[in-house]
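Q: Sharing a structure, written as structure tokens. Questions coming.
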There are 6 protein chains.
Amino acid sequence: MNHQIQSYLIKEEPFYRASGDEVELFEAAYALRTPMILKGPTGCGKTRFMEAMAWRLKRPLITLACNEDMTASDLVGRYLLDAEGTVWKDGPLTLAARHGAICYLDEVVEARQDTLVVIHPLTDDRRILPLDKRGELIHAHPDFQLVMSYNPGYQSAAKDLKQSTKQRFGALDFQYPEATAEAEIVSHESGCDDDTAARLVGIAHRSRALRGRGLEEGISTRMLIRAASLIAGGIAPLAACRLAMTKPLTDDDDLLRALDGFIDAHFR
Amino acid sequence: MNHQIQSYLIKEEPFYRASGDEVELFEAAYALRTPMILKGPTGCGKTRFMEAMAWRLKRPLITLACNEDMTASDLVGRYLLDAEGTVWKDGPLTLAARHGAICYLDEVVEARQDTLVVIHPLTDDRRILPLDKRGELIHAHPDFQLVMSYNPGYQSAAKDLKQSTKQRFGALDFQYPEATAEAEIVSHESGCDDDTAARLVGIAHRSRALRGRGLEEGISTRMLIRAASLIAGGIAPLAACRLAMTKPLTDDDDLLRALDGFIDAHFR
Amino acid sequence: MNHQIQSYLIKEEPFYRASGDEVELFEAAYALRTPMILKGPTGCGKTRFMEAMAWRLKRPLITLACNEDMTASDLVGRYLLDAEGTVWKDGPLTLAARHGAICYLDEVVEARQDTLVVIHPLTDDRRILPLDKRGELIHAHPDFQLVMSYNPGYQSAAKDLKQSTKQRFGALDFQYPEATAEAEIVSHESGCDDDTAARLVGIAHRSRALRGRGLEEGISTRMLIRAASLIAGGIAPLAACRLAMTKPLTDDDDLLRALDGFIDAHFR
Amino acid sequence: MNHQIQSYLIKEEPFYRASGDEVELFEAAYALRTPMILKGPTGCGKTRFMEAMAWRLKRPLITLACNEDMTASDLVGRYLLDAEGTVWKDGPLTLAARHGAICYLDEVVEARQDTLVVIHPLTDDRRILPLDKRGELIHAHPDFQLVMSYNPGYQSAAKDLKQSTKQRFGALDFQYPEATAEAEIVSHESGCDDDTAARLVGIAHRSRALRGRGLEEGISTRMLIRAASLIAGGIAPLAACRLAMTKPLTDDDDLLRALDGFIDAHFR
Amino acid sequence: MNHQIQSYLIKEEPFYRASGDEVELFEAAYALRTPMILKGPTGCGKTRFMEAMAWRLKRPLITLACNEDMTASDLVGRYLLDAEGTVWKDGPLTLAARHGAICYLDEVVEARQDTLVVIHPLTDDRRILPLDKRGELIHAHPDFQLVMSYNPGYQSAAKDLKQSTKQRFGALDFQYPEATAEAEIVSHESGCDDDTAARLVGIAHRSRALRGRGLEEGISTRMLIRAASLIAGGIAPLAACRLAMTKPLTDDDDLLRALDGFIDAHFR
Amino acid sequence: MNHQIQSYLIKEEPFYRASGDEVELFEAAYALRTPMILKGPTGCGKTRFMEAMAWRLKRPLITLACNEDMTASDLVGRYLLDAEGTVWKDGPLTLAARHGAICYLDEVVEARQDTLVVIHPLTDDRRILPLDKRGELIHAHPDFQLVMSYNPGYQSAAKDLKQSTKQRFGALDFQYPEATAEAEIVSHESGCDDDTAARLVGIAHRSRALRGRGLEEGISTRMLIRAASLIAGGIAPLAACRLAMTKPLTDDDDLLRALDGFIDAHFR
């Protein structure tokens, strides 16, 4: 394993609390090198799961946060000008394919679907990556795997993956952890006490019920951890919840009042 | 045959099970160097057929996954900056035309139709490719052929090929293989037993009947092979089918329930 | 005549069967160096006519397939980076204007109308081409002529030539040849027998009657030649006609059935 | 006067037949260096008038056919890469302003109105041109004048000049010459006899009456000259008129029949 | 004051006839270095006022005519390629901020509002300009001031300044001068007699009453000066007024007739 | 701390008058390195608060005014051409992450939401910034914090932050200070007397009540300070208020009259 790729190895075991058979299924998929899609809401732990799997599988993890400006060159690489003329610079996908890393495309529906067409030859049994601009044909390293994530709740027709892309992947669903598990994660990550964690999870559950009724998205596990950390650091629960959970979530006064009511109800 | 082009030769005979006279017709078309279109749904075997034909015809196969960002330069080539100034770099189409490969434009309706106009002079009896930026006029190698593929099911008015392009091509239709053949392919490629393969094909058939009634596309042969491989590797059929077949296909809860019903019915 | 331009001379007399006084009229227009538009459907022989005229007039023919990405620089030229700095590279229009070739802009309505404004000073009695980026003013070679083609059947309001462009050109209409002539061309070009050629022309005539009633365009002479060549090479007429004529024309099942009916009727 | 600018001097007196006091008015405007707009239909002689005035005023004439892709850099100049680094290259407007030429922007409504903002400081009493990219402030040569032309018949709201641009210019109207003058011009330019010229002008007058009733524009003086030249060269009047006048004007069968009727009526 | 910036000093006192307390107010605003907006119709004297103020304040005046293509780099500067690599080139805003000039953004609503965001840190009490691409933070010279102008009559919702931009500026209104003052300006600038000036102003007043009733804008002071100059140079009033005032203003025949009536009424 | 980053330290304590517990909450958030959003109307003191916090925390403050043209490269950096080839230049976000500054993205809703995706890995517990183009993975300096601001009053659906972005931040609300505090700020910053400050605040309050009833935004604290400074400098209150408060706010005559009424009422 070359030096550059080694820096993508996960150094310490990430804290991940499985909620079902997702670890076994992912390992089976990796054994077949099936390209995978992780589906689930923002902040529910998809990225953490990916880190935990990379650590278990002892593979470097190259993560790419997708965006609409991302071109095929951002994935595969490009020529850069150097003192001796142009030199080729592998992009993250090429780097992963060449050296056997897991390439993780986060929030993949943000990417232009046409850009994603470049991954197709890597996802069927050919497992090749043609670098057209370089005239090179890469046969993927045996350890290489491609993983993508997206939030099905946001998807609009305009931002859905193409069938010809989807059909090349296996998929796993992720949800927020059930209440006890989520409270355990919140107290583990923030250092707050169990009672505070349970109250925060209670607020989150009520906010998630508002989803689609004004709120685009409920309070995520990540937000709970932030609020819990502030409380553990001495900030009053109401101020901490507002700063870390409700103010970022919405600018709507009615919704903010409703969310404040949930906080009051749990921290009275 | 020069070194670069040789790397595009197919090394081993690809497994391809003909479902009609498509092999003979393609050979006749190649004998006349007729440019060809392969029409058919995602994952039904068009790319595999093309590989099999390239192997039979002993021609290098240069495949290009089309996308909307693809410019004429991505097809024909461009000047790159080098230590001694600019050097010309043949694109995949030019490479194929110059050295006598088969150039395969996969998912061609993704390409901007205007970009495709550059292929016109290669597809009539002139068989030339003017490299305007280079001031060079390439007369195609006698072995050169141009092949394109698309999925007629996806085509919208905005993404249809222009008549002036279509009329320059011959065309062959592809479908999913009939049930026995498909099961044979599934067990051959995945190593699963014949009974499992038959059940999976049964699920696929029912899913394909939902096409246009919520499902954009049914379960493809490629997906069946993935699920079969997981089952052969010890994963329970329901989990394997969900991971490899239904979860990637749709995010709609009702459809997922219907598809789960098909799986239950076949693996009860 | 310099070396580069000489490679654009037509080496052998192209087979062209005149259907009226188009050859004489074009020669008169060339004598006055009137810029010309060739109007007519896809595959009816406009490009072949242009080649035949270039051969008769003994002028090099520089053909440019127009597309929407074509910029003025693609027509007139650009600076390229070289070991000694930037060097100017004539575009095809400049090359033709400088050295006295016929410049043929194929499918000109595909080009952005604004790009075409650069041809204006070449099409009135000034016959100049200002290379603004180079600060050079080219007076066209006395033998230079500009010719453009388009298919009036496709024209939408968005893709019509501007009046200020059209008024600078003379125009000639092209149609598919009448039946006997078309059959003669088909058998001459494909090597098929006269009876097969006549049957194929019969199918084409019936398909052309469907134009505007589902079919965007009828079967062209070029398609007939392809089908005839396959039949001459031993392929059964039905398979040959489907591959070369009907499958490329449409994806609509009803239309395909109707076209199959025409084939049956003529090859029963 | 430097060498490059001298090549823009008109060598021979252009044939121009004044139809009113336009020559005197333009001379008065030039004496005040008032920037001018020439308004009138396609092919009525605006460019010829401009050439005649440049010849009378003994000023170089730098003509720029405007288009939508034209950027401010195309007008004022840009840095180009050279063996010794970047060198500045004056654009046509800068060239004219620096050395005292007349800069003629043909079909100015094609240009993006925002691009035209760069001409503002040259058109008020400051007569300066700031080259922002170069950090240079050019004070226009005392002989410099700016002239633009457009066709008011085409103008849409989207392609009208901005008031802040228009108010900086004086304006002159141009029309097709009246019948006798137009016939005189046609016979002078084409070498045809007076009778033929009069008939052709008659056809043009009837076509111009169709303007707005199907025809976007009538037959221009330029088209008459082309048809007259073909007739003088031995082509039959009907064929010559079709090639040079009616076929380029429209693709509509009904209109073509009407125009053919006019030709018949005048050449019976 | 460095050499380049000195060339932006106004050499001679510009003729400016104040119509209220605008001079005193601007001086007070400059004393506080308040960024200013000058609002008023085209050709009413905003630019002339700015020149007069720059002359009074003895500050160099760097004027930038805004347009939609203007990027932040056009304002702040960019890297250019040189024999020794890339060198930074200050844009006009940076030049003014660094050396203490007044930077005048003319017709600022033409600029993309997002581009204007770069001026924000210069317009609050920080008075800084971060050159992100260069990693340099410029503290504005104590003499630097930013001034912008626009015509409120043209503003559409799409082309209004953002509140967050507007709130950073003070503003002064400009109108056409009242009748006696305007006539005085017209005769002073054109050299025409007082009676002619008064008549021209009379025509302008009637045209301005048509604003919003067909005319987008009335006849400006600048147009009156042009017509007066032509008359002073011997052109007949009707011809002079048409050339310099009415023809540039509109292409509408009815409006032109109405405007001709005004000219007749005043020069009968 | 390296030299470049040191220039971003705030030299003198900024004047900031807290209106609640925002200082303590921000310090608690910084202690956890929680990324923060500051919400509030234009000119209410968000930027000043940020400067005051940076001064308190003794961290360099790198401010970036966001705009729609801002690309990911403007945030993270790019390769620039140098005498020895290309050299990497850190963007402001990278600079802050590498050296431990606070990176403040002002008016963040102006940025393209897709561009902001690059900040995601910096805002969860990974605190990394992958420089894909450089192939470098930056682990943020322990002192680094990310802060963004926006005005919730302007937000449209098209310009709202994505949930997946928002959920990564804590948030604090800002409002205009209450009357006494605002008057104190106005007199402190402008040097005007207390009575004038109170009157100006009175006008502002009435203008803010018009928000949403014609006025897009009320008069901000910043505008009050400008008007107060002019009055302290000897300008009459009416003229000062018009120049600094009402004229910049709107071009609507009715609204201007209403605002003039408020001024009269307070300075009678």
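Going through the structure tokens in order, the chains are called A, B, and so on, while each chain numbers its residues from 1 and the ligands are numbered from 1 in the order shown.
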Which chain B residues are at most 8 Å from chain C (counting only C-alpha atoms), as a ChimeraX atom specification?
A: /B:25,28-29,32,34,37,81,83-86,114-115,117-118,120-121,130,132-133,135,137,152,163-164,166-173
Q: Mind checking DSSP for region 109-210 of chain E and telling me the alpha helix (DSSP H) residues as JSON, numbers by chain?
A: {"E": [113, 114, 115, 116, 120, 121, 122, 123, 163, 164, 165, 166, 179, 180, 181, 182, 183, 184, 185, 186, 187, 188, 189, 190, 194, 195, 196, 197, 198, 199, 200, 201, 202, 203, 204, 205, 206, 207, 208, 209]}
Q: Near region 195-204 of chain D, counting only C-alpha atoms, which residues have an atom at most 10 Å away, once you skip same-chain residues fewer than 2 positions from it, shown as a PDB file with N, CA, C and O atoms, in the first residue's frame?
A:
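So the final result, stored in part-v1.pdb, reads:
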```
ATOM      1  N   GLU D 178     -35.842  54.003 -53.911  1.00  0.00           N
ATOM      2  CA  GLU D 178     -37.113  53.970 -54.647  1.00  0.00           C
ATOM      3  C   GLU D 178     -36.852  53.278 -55.991  1.00  0.00           C
ATOM      4  O   GLU D 178     -35.711  53.106 -56.428  1.00  0.00           O
ATOM      5  N   ALA D 179     -37.944  52.900 -56.681  1.00  0.00           N
ATOM      6  CA  ALA D 179     -37.860  51.921 -57.772  1.00  0.00           C
ATOM      7  C   ALA D 179     -36.811  52.247 -58.853  1.00  0.00           C
ATOM      8  O   ALA D 179     -35.993  51.394 -59.216  1.00  0.00           O
ATOM      9  N   THR D 180     -36.807  53.452 -59.372  1.00  0.00           N
ATOM     10  CA  THR D 180     -35.864  53.777 -60.450  1.00  0.00           C
ATOM     11  C   THR D 180     -34.428  53.655 -59.970  1.00  0.00           C
ATOM     12  O   THR D 180     -33.568  53.081 -60.654  1.00  0.00           O
ATOM     13  N   ALA D 181     -34.179  54.195 -58.780  1.00  0.00           N
ATOM     14  CA  ALA D 181     -32.829  54.137 -58.232  1.00  0.00           C
ATOM     15  C   ALA D 181     -32.413  52.686 -58.000  1.00  0.00           C
ATOM     16  O   ALA D 181     -31.273  52.301 -58.311  1.00  0.00           O
ATOM     17  N   GLU D 182     -33.321  51.889 -57.490  1.00  0.00           N
ATOM     18  CA  GLU D 182     -32.971  50.500 -57.208  1.00  0.00           C
ATOM     19  C   GLU D 182     -32.652  49.748 -58.508  1.00  0.00           C
ATOM     20  O   GLU D 182     -31.682  48.987 -58.565  1.00  0.00           O
ATOM     21  N   ALA D 183     -33.451  50.003 -59.557  1.00  0.00           N
ATOM     22  CA  ALA D 183     -33.197  49.345 -60.848  1.00  0.00           C
ATOM     23  C   ALA D 183     -31.836  49.769 -61.384  1.00  0.00           C
ATOM     24  O   ALA D 183     -31.069  48.954 -61.922  1.00  0.00           O
ATOM     25  N   GLU D 184     -31.525  51.023 -61.219  1.00  0.00           N
ATOM     26  CA  GLU D 184     -30.229  51.526 -61.663  1.00  0.00           C
ATOM     27  C   GLU D 184     -29.084  50.814 -60.939  1.00  0.00           C
ATOM     28  O   GLU D 184     -28.091  50.402 -61.558  1.00  0.00           O
ATOM     29  N   ILE D 185     -29.248  50.676 -59.618  1.00  0.00           N
ATOM     30  CA  ILE D 185     -28.227  49.982 -58.829  1.00  0.00           C
ATOM     31  C   ILE D 185     -28.103  48.525 -59.276  1.00  0.00           C
ATOM     32  O   ILE D 185     -27.000  48.011 -59.483  1.00  0.00           O
ATOM     33  N   VAL D 186     -29.253  47.868 -59.491  1.00  0.00           N
ATOM     34  CA  VAL D 186     -29.236  46.463 -59.888  1.00  0.00           C
ATOM     35  C   VAL D 186     -28.514  46.267 -61.218  1.00  0.00           C
ATOM     36  O   VAL D 186     -27.643  45.397 -61.353  1.00  0.00           O
ATOM     37  N   SER D 187     -28.829  47.121 -62.198  1.00  0.00           N
ATOM     38  CA  SER D 187     -28.169  46.927 -63.496  1.00  0.00           C
ATOM     39  C   SER D 187     -26.693  47.312 -63.415  1.00  0.00           C
ATOM     40  O   SER D 187     -25.837  46.652 -63.995  1.00  0.00           O
ATOM     41  N   HIS D 188     -26.375  48.354 -62.647  1.00  0.00           N
ATOM     42  CA  HIS D 188     -24.966  48.745 -62.501  1.00  0.00           C
ATOM     43  C   HIS D 188     -24.133  47.628 -61.867  1.00  0.00           C
ATOM     44  O   HIS D 188     -23.028  47.314 -62.316  1.00  0.00           O
ATOM     45  N   SER D 190     -24.916  44.321 -61.537  1.00  0.00           N
ATOM     46  CA  SER D 190     -24.992  42.974 -62.099  1.00  0.00           C
ATOM     47  C   SER D 190     -24.602  42.926 -63.563  1.00  0.00           C
ATOM     48  O   SER D 190     -24.259  41.860 -64.090  1.00  0.00           O
ATOM     49  N   GLY D 191     -24.686  44.065 -64.251  1.00  0.00           N
ATOM     50  CA  GLY D 191     -24.449  44.047 -65.671  1.00  0.00           C
ATOM     51  C   GLY D 191     -25.661  43.583 -66.478  1.00  0.00           C
ATOM     52  O   GLY D 191     -25.548  43.320 -67.671  1.00  0.00           O
ATOM     53  N   CYS D 192     -26.825  43.464 -65.876  1.00  0.00           N
ATOM     54  CA  CYS D 192     -28.017  43.059 -66.625  1.00  0.00           C
ATOM     55  C   CYS D 192     -28.603  44.276 -67.346  1.00  0.00           C
ATOM     56  O   CYS D 192     -28.238  45.409 -67.075  1.00  0.00           O
ATOM     57  N   ASP D 193     -29.546  44.009 -68.265  1.00  0.00           N
ATOM     58  CA  ASP D 193     -30.144  45.137 -68.990  1.00  0.00           C
ATOM     59  C   ASP D 193     -31.192  45.837 -68.125  1.00  0.00           C
ATOM     60  O   ASP D 193     -31.659  45.275 -67.132  1.00  0.00           O
ATOM     61  N   ARG D 206     -43.467  43.666 -54.778  1.00  0.00           N
ATOM     62  CA  ARG D 206     -44.615  42.857 -54.374  1.00  0.00           C
ATOM     63  C   ARG D 206     -44.258  41.969 -53.173  1.00  0.00           C
ATOM     64  O   ARG D 206     -45.092  41.752 -52.293  1.00  0.00           O
ATOM     65  N   SER D 207     -43.023  41.458 -53.150  1.00  0.00           N
ATOM     66  CA  SER D 207     -42.634  40.606 -52.002  1.00  0.00           C
ATOM     67  C   SER D 207     -42.583  41.423 -50.717  1.00  0.00           C
ATOM     68  O   SER D 207     -42.913  40.940 -49.638  1.00  0.00           O
ATOM     69  N   ARG D 208     -42.152  42.690 -50.846  1.00  0.00           N
ATOM     70  CA  ARG D 208     -42.039  43.514 -49.629  1.00  0.00           C
ATOM     71  C   ARG D 208     -43.413  43.811 -49.034  1.00  0.00           C
ATOM     72  O   ARG D 208     -43.534  44.045 -47.828  1.00  0.00           O
ATOM     73  N   ALA D 209     -44.428  43.780 -49.903  1.00  0.00           N
ATOM     74  CA  ALA D 209     -45.791  43.999 -49.402  1.00  0.00           C
ATOM     75  C   ALA D 209     -46.279  42.809 -48.576  1.00  0.00           C
ATOM     76  O   ALA D 209     -47.226  42.922 -47.806  1.00  0.00           O
ATOM     77  N   GLY D 218     -38.873  41.165 -46.968  1.00  0.00           N
ATOM     78  CA  GLY D 218     -39.024  41.103 -48.418  1.00  0.00           C
ATOM     79  C   GLY D 218     -37.706  40.828 -49.113  1.00  0.00           C
ATOM     80  O   GLY D 218     -36.664  40.695 -48.469  1.00  0.00           O
ATOM     81  N   ILE D 219     -37.758  40.773 -50.442  1.00  0.00           N
ATOM     82  CA  ILE D 219     -36.538  40.551 -51.240  1.00  0.00           C
ATOM     83  C   ILE D 219     -35.698  41.820 -51.206  1.00  0.00           C
ATOM     84  O   ILE D 219     -36.193  42.912 -51.466  1.00  0.00           O
ATOM     85  N   SER D 220     -34.412  41.669 -50.866  1.00  0.00           N
ATOM     86  CA  SER D 220     -33.550  42.840 -50.708  1.00  0.00           C
ATOM     87  C   SER D 220     -32.863  43.216 -52.018  1.00  0.00           C
ATOM     88  O   SER D 220     -32.839  42.431 -52.972  1.00  0.00           O
ATOM     89  N   THR D 221     -32.318  44.406 -52.035  1.00  0.00           N
ATOM     90  CA  THR D 221     -31.545  44.850 -53.195  1.00  0.00           C
ATOM     91  C   THR D 221     -30.429  43.852 -53.500  1.00  0.00           C
ATOM     92  O   THR D 221     -30.173  43.521 -54.669  1.00  0.00           O
ATOM     93  N   MET D 223     -30.343  40.670 -53.070  1.00  0.00           N
ATOM     94  CA  MET D 223     -30.873  39.486 -53.750  1.00  0.00           C
ATOM     95  C   MET D 223     -31.178  39.781 -55.220  1.00  0.00           C
ATOM     96  O   MET D 223     -30.939  38.936 -56.087  1.00  0.00           O
ATOM     97  N   LEU D 224     -31.692  40.976 -55.467  1.00  0.00           N
ATOM     98  CA  LEU D 224     -31.991  41.352 -56.856  1.00  0.00           C
ATOM     99  C   LEU D 224     -30.719  41.333 -57.687  1.00  0.00           C
ATOM    100  O   LEU D 224     -30.712  40.872 -58.835  1.00  0.00           O
ATOM    101  N   ILE D 225     -29.648  41.848 -57.113  1.00  0.00           N
ATOM    102  CA  ILE D 225     -28.380  41.895 -57.845  1.00  0.00           C
ATOM    103  C   ILE D 225     -27.908  40.474 -58.160  1.00  0.00           C
ATOM    104  O   ILE D 225     -27.420  40.194 -59.266  1.00  0.00           O
ATOM    105  N   ALA D 227     -29.794  37.722 -58.533  1.00  0.00           N
ATOM    106  CA  ALA D 227     -30.636  37.150 -59.582  1.00  0.00           C
ATOM    107  C   ALA D 227     -30.275  37.763 -60.936  1.00  0.00           C
ATOM    108  O   ALA D 227     -30.147  37.062 -61.951  1.00  0.00           O
ATOM    109  N   ALA D 228     -30.088  39.085 -60.956  1.00  0.00           N
ATOM    110  CA  ALA D 228     -29.758  39.780 -62.200  1.00  0.00           C
ATOM    111  C   ALA D 228     -28.435  39.268 -62.766  1.00  0.00           C
ATOM    112  O   ALA D 228     -28.291  39.085 -63.983  1.00  0.00           O
ATOM    113  N   ILE D 231     -29.028  35.944 -64.452  1.00  0.00           N
ATOM    114  CA  ILE D 231     -29.712  36.140 -65.735  1.00  0.00           C
ATOM    115  C   ILE D 231     -28.713  36.677 -66.753  1.00  0.00           C
ATOM    116  O   ILE D 231     -28.633  36.186 -67.888  1.00  0.00           O
ATOM    117  N   ALA D 232     -27.915  37.652 -66.355  1.00  0.00           N
ATOM    118  CA  ALA D 232     -26.895  38.190 -67.255  1.00  0.00           C
ATOM    119  C   ALA D 232     -25.910  37.097 -67.665  1.00  0.00           C
ATOM    120  O   ALA D 232     -25.301  37.167 -68.737  1.00  0.00           O
ATOM    121  N   PRO D 237     -34.726  33.382 -66.368  1.00  0.00           N
ATOM    122  CA  PRO D 237     -35.184  34.243 -65.267  1.00  0.00           C
ATOM    123  C   PRO D 237     -35.868  33.478 -64.135  1.00  0.00           C
ATOM    124  O   PRO D 237     -35.579  33.732 -62.964  1.00  0.00           O
ATOM    125  N   CYS D 241     -34.399  33.581 -60.462  1.00  0.00           N
ATOM    126  CA  CYS D 241     -35.147  34.220 -59.369  1.00  0.00           C
ATOM    127  C   CYS D 241     -35.387  33.240 -58.232  1.00  0.00           C
ATOM    128  O   CYS D 241     -35.329  33.621 -57.053  1.00  0.00           O
ATOM    129  N   MET D 245     -33.592  34.469 -55.118  1.00  0.00           N
ATOM    130  CA  MET D 245     -34.537  35.335 -54.412  1.00  0.00           C
ATOM    131  C   MET D 245     -35.556  34.585 -53.542  1.00  0.00           C
ATOM    132  O   MET D 245     -35.734  34.913 -52.368  1.00  0.00           O
ATOM    133  N   LEU D 259     -44.785  33.724 -54.414  1.00  0.00           N
ATOM    134  CA  LEU D 259     -43.614  34.418 -54.967  1.00  0.00           C
ATOM    135  C   LEU D 259     -43.377  33.992 -56.407  1.00  0.00           C
ATOM    136  O   LEU D 259     -43.026  34.818 -57.268  1.00  0.00           O
ATOM    137  N   ASP D 260     -43.576  32.682 -56.703  1.00  0.00           N
ATOM    138  CA  ASP D 260     -43.467  32.208 -58.089  1.00  0.00           C
ATOM    139  C   ASP D 260     -44.459  32.948 -58.987  1.00  0.00           C
ATOM    140  O   ASP D 260     -44.148  33.276 -60.132  1.00  0.00           O
ATOM    141  N   GLY D 261     -45.637  33.192 -58.443  1.00  0.00           N
ATOM    142  CA  GLY D 261     -46.641  33.945 -59.199  1.00  0.00           C
ATOM    143  C   GLY D 261     -46.132  35.337 -59.552  1.00  0.00           C
ATOM    144  O   GLY D 261     -46.313  35.802 -60.694  1.00  0.00           O
ATOM    145  N   PHE D 262     -45.459  35.986 -58.636  1.00  0.00           N
ATOM    146  CA  PHE D 262     -44.917  37.323 -58.929  1.00  0.00           C
ATOM    147  C   PHE D 262     -43.880  37.240 -60.048  1.00  0.00           C
ATOM    148  O   PHE D 262     -43.835  38.103 -60.921  1.00  0.00           O
ATOM    149  N   ILE D 263     -43.034  36.194 -59.968  1.00  0.00           N
ATOM    150  CA  ILE D 263     -41.994  36.050 -61.010  1.00  0.00           C
ATOM    151  C   ILE D 263     -42.658  35.857 -62.365  1.00  0.00           C
ATOM    152  O   ILE D 263     -42.305  36.524 -63.361  1.00  0.00           O
ATOM    153  N   ASP D 264     -43.641  34.937 -62.430  1.00  0.00           N
ATOM    154  CA  ASP D 264     -44.359  34.680 -63.685  1.00  0.00           C
ATOM    155  C   ASP D 264     -44.951  35.975 -64.238  1.00  0.00           C
ATOM    156  O   ASP D 264     -44.821  36.268 -65.435  1.00  0.00           O
ATOM    157  N   ALA D 265     -45.576  36.731 -63.321  1.00  0.00           N
ATOM    158  CA  ALA D 265     -46.256  37.953 -63.754  1.00  0.00           C
ATOM    159  C   ALA D 265     -45.291  38.956 -64.384  1.00  0.00           C
ATOM    160  O   ALA D 265     -45.651  39.693 -65.304  1.00  0.00           O
ATOM    161  N   HIS D 266     -44.059  38.961 -63.891  1.00  0.00           N
ATOM    162  CA  HIS D 266     -43.113  39.953 -64.416  1.00  0.00           C
ATOM    163  C   HIS D 266     -42.243  39.439 -65.545  1.00  0.00           C
ATOM    164  O   HIS D 266     -41.655  40.236 -66.275  1.00  0.00           O
ATOM    165  N   PHE D 267     -42.131  38.127 -65.689  1.00  0.00           N
ATOM    166  CA  PHE D 267     -41.259  37.602 -66.755  1.00  0.00           C
ATOM    167  C   PHE D 267     -42.036  36.802 -67.794  1.00  0.00           C
ATOM    168  O   PHE D 267     -41.439  36.049 -68.555  1.00  0.00           O
TER     169      PHE D 267
END
```
Q: Mind pulling up the distance from CA of Gln145 (chain A) to CA of Ile102 (chain A)?
A: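 These two atoms are separated by 4.8 Å.
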Q: Please measure the separation of CA of Cys44 (chain E) and CA of Met148 (chain E), giving the value in Å to one decimal.
A: 15.2 Å
Q: Need to verify the contact set: Tyr150 (chain D), 7 Å, only C-alpha atoms, exclusion of same-chain residues closer than 5 positions in sequence. Can you return it as a list of chain:residue names?
A: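 After dropping sequence-adjacent residues, the list is D:Leu38, D:Lys39, D:Gly40, D:Asp106, D:Glu107, D:Val108, D:Val109.
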Q: In Å, how far is it from CA of Ala72 (chain C) to CA of Met53 (chain C)?
A: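 Distance between the two atoms: 26.6 Å.
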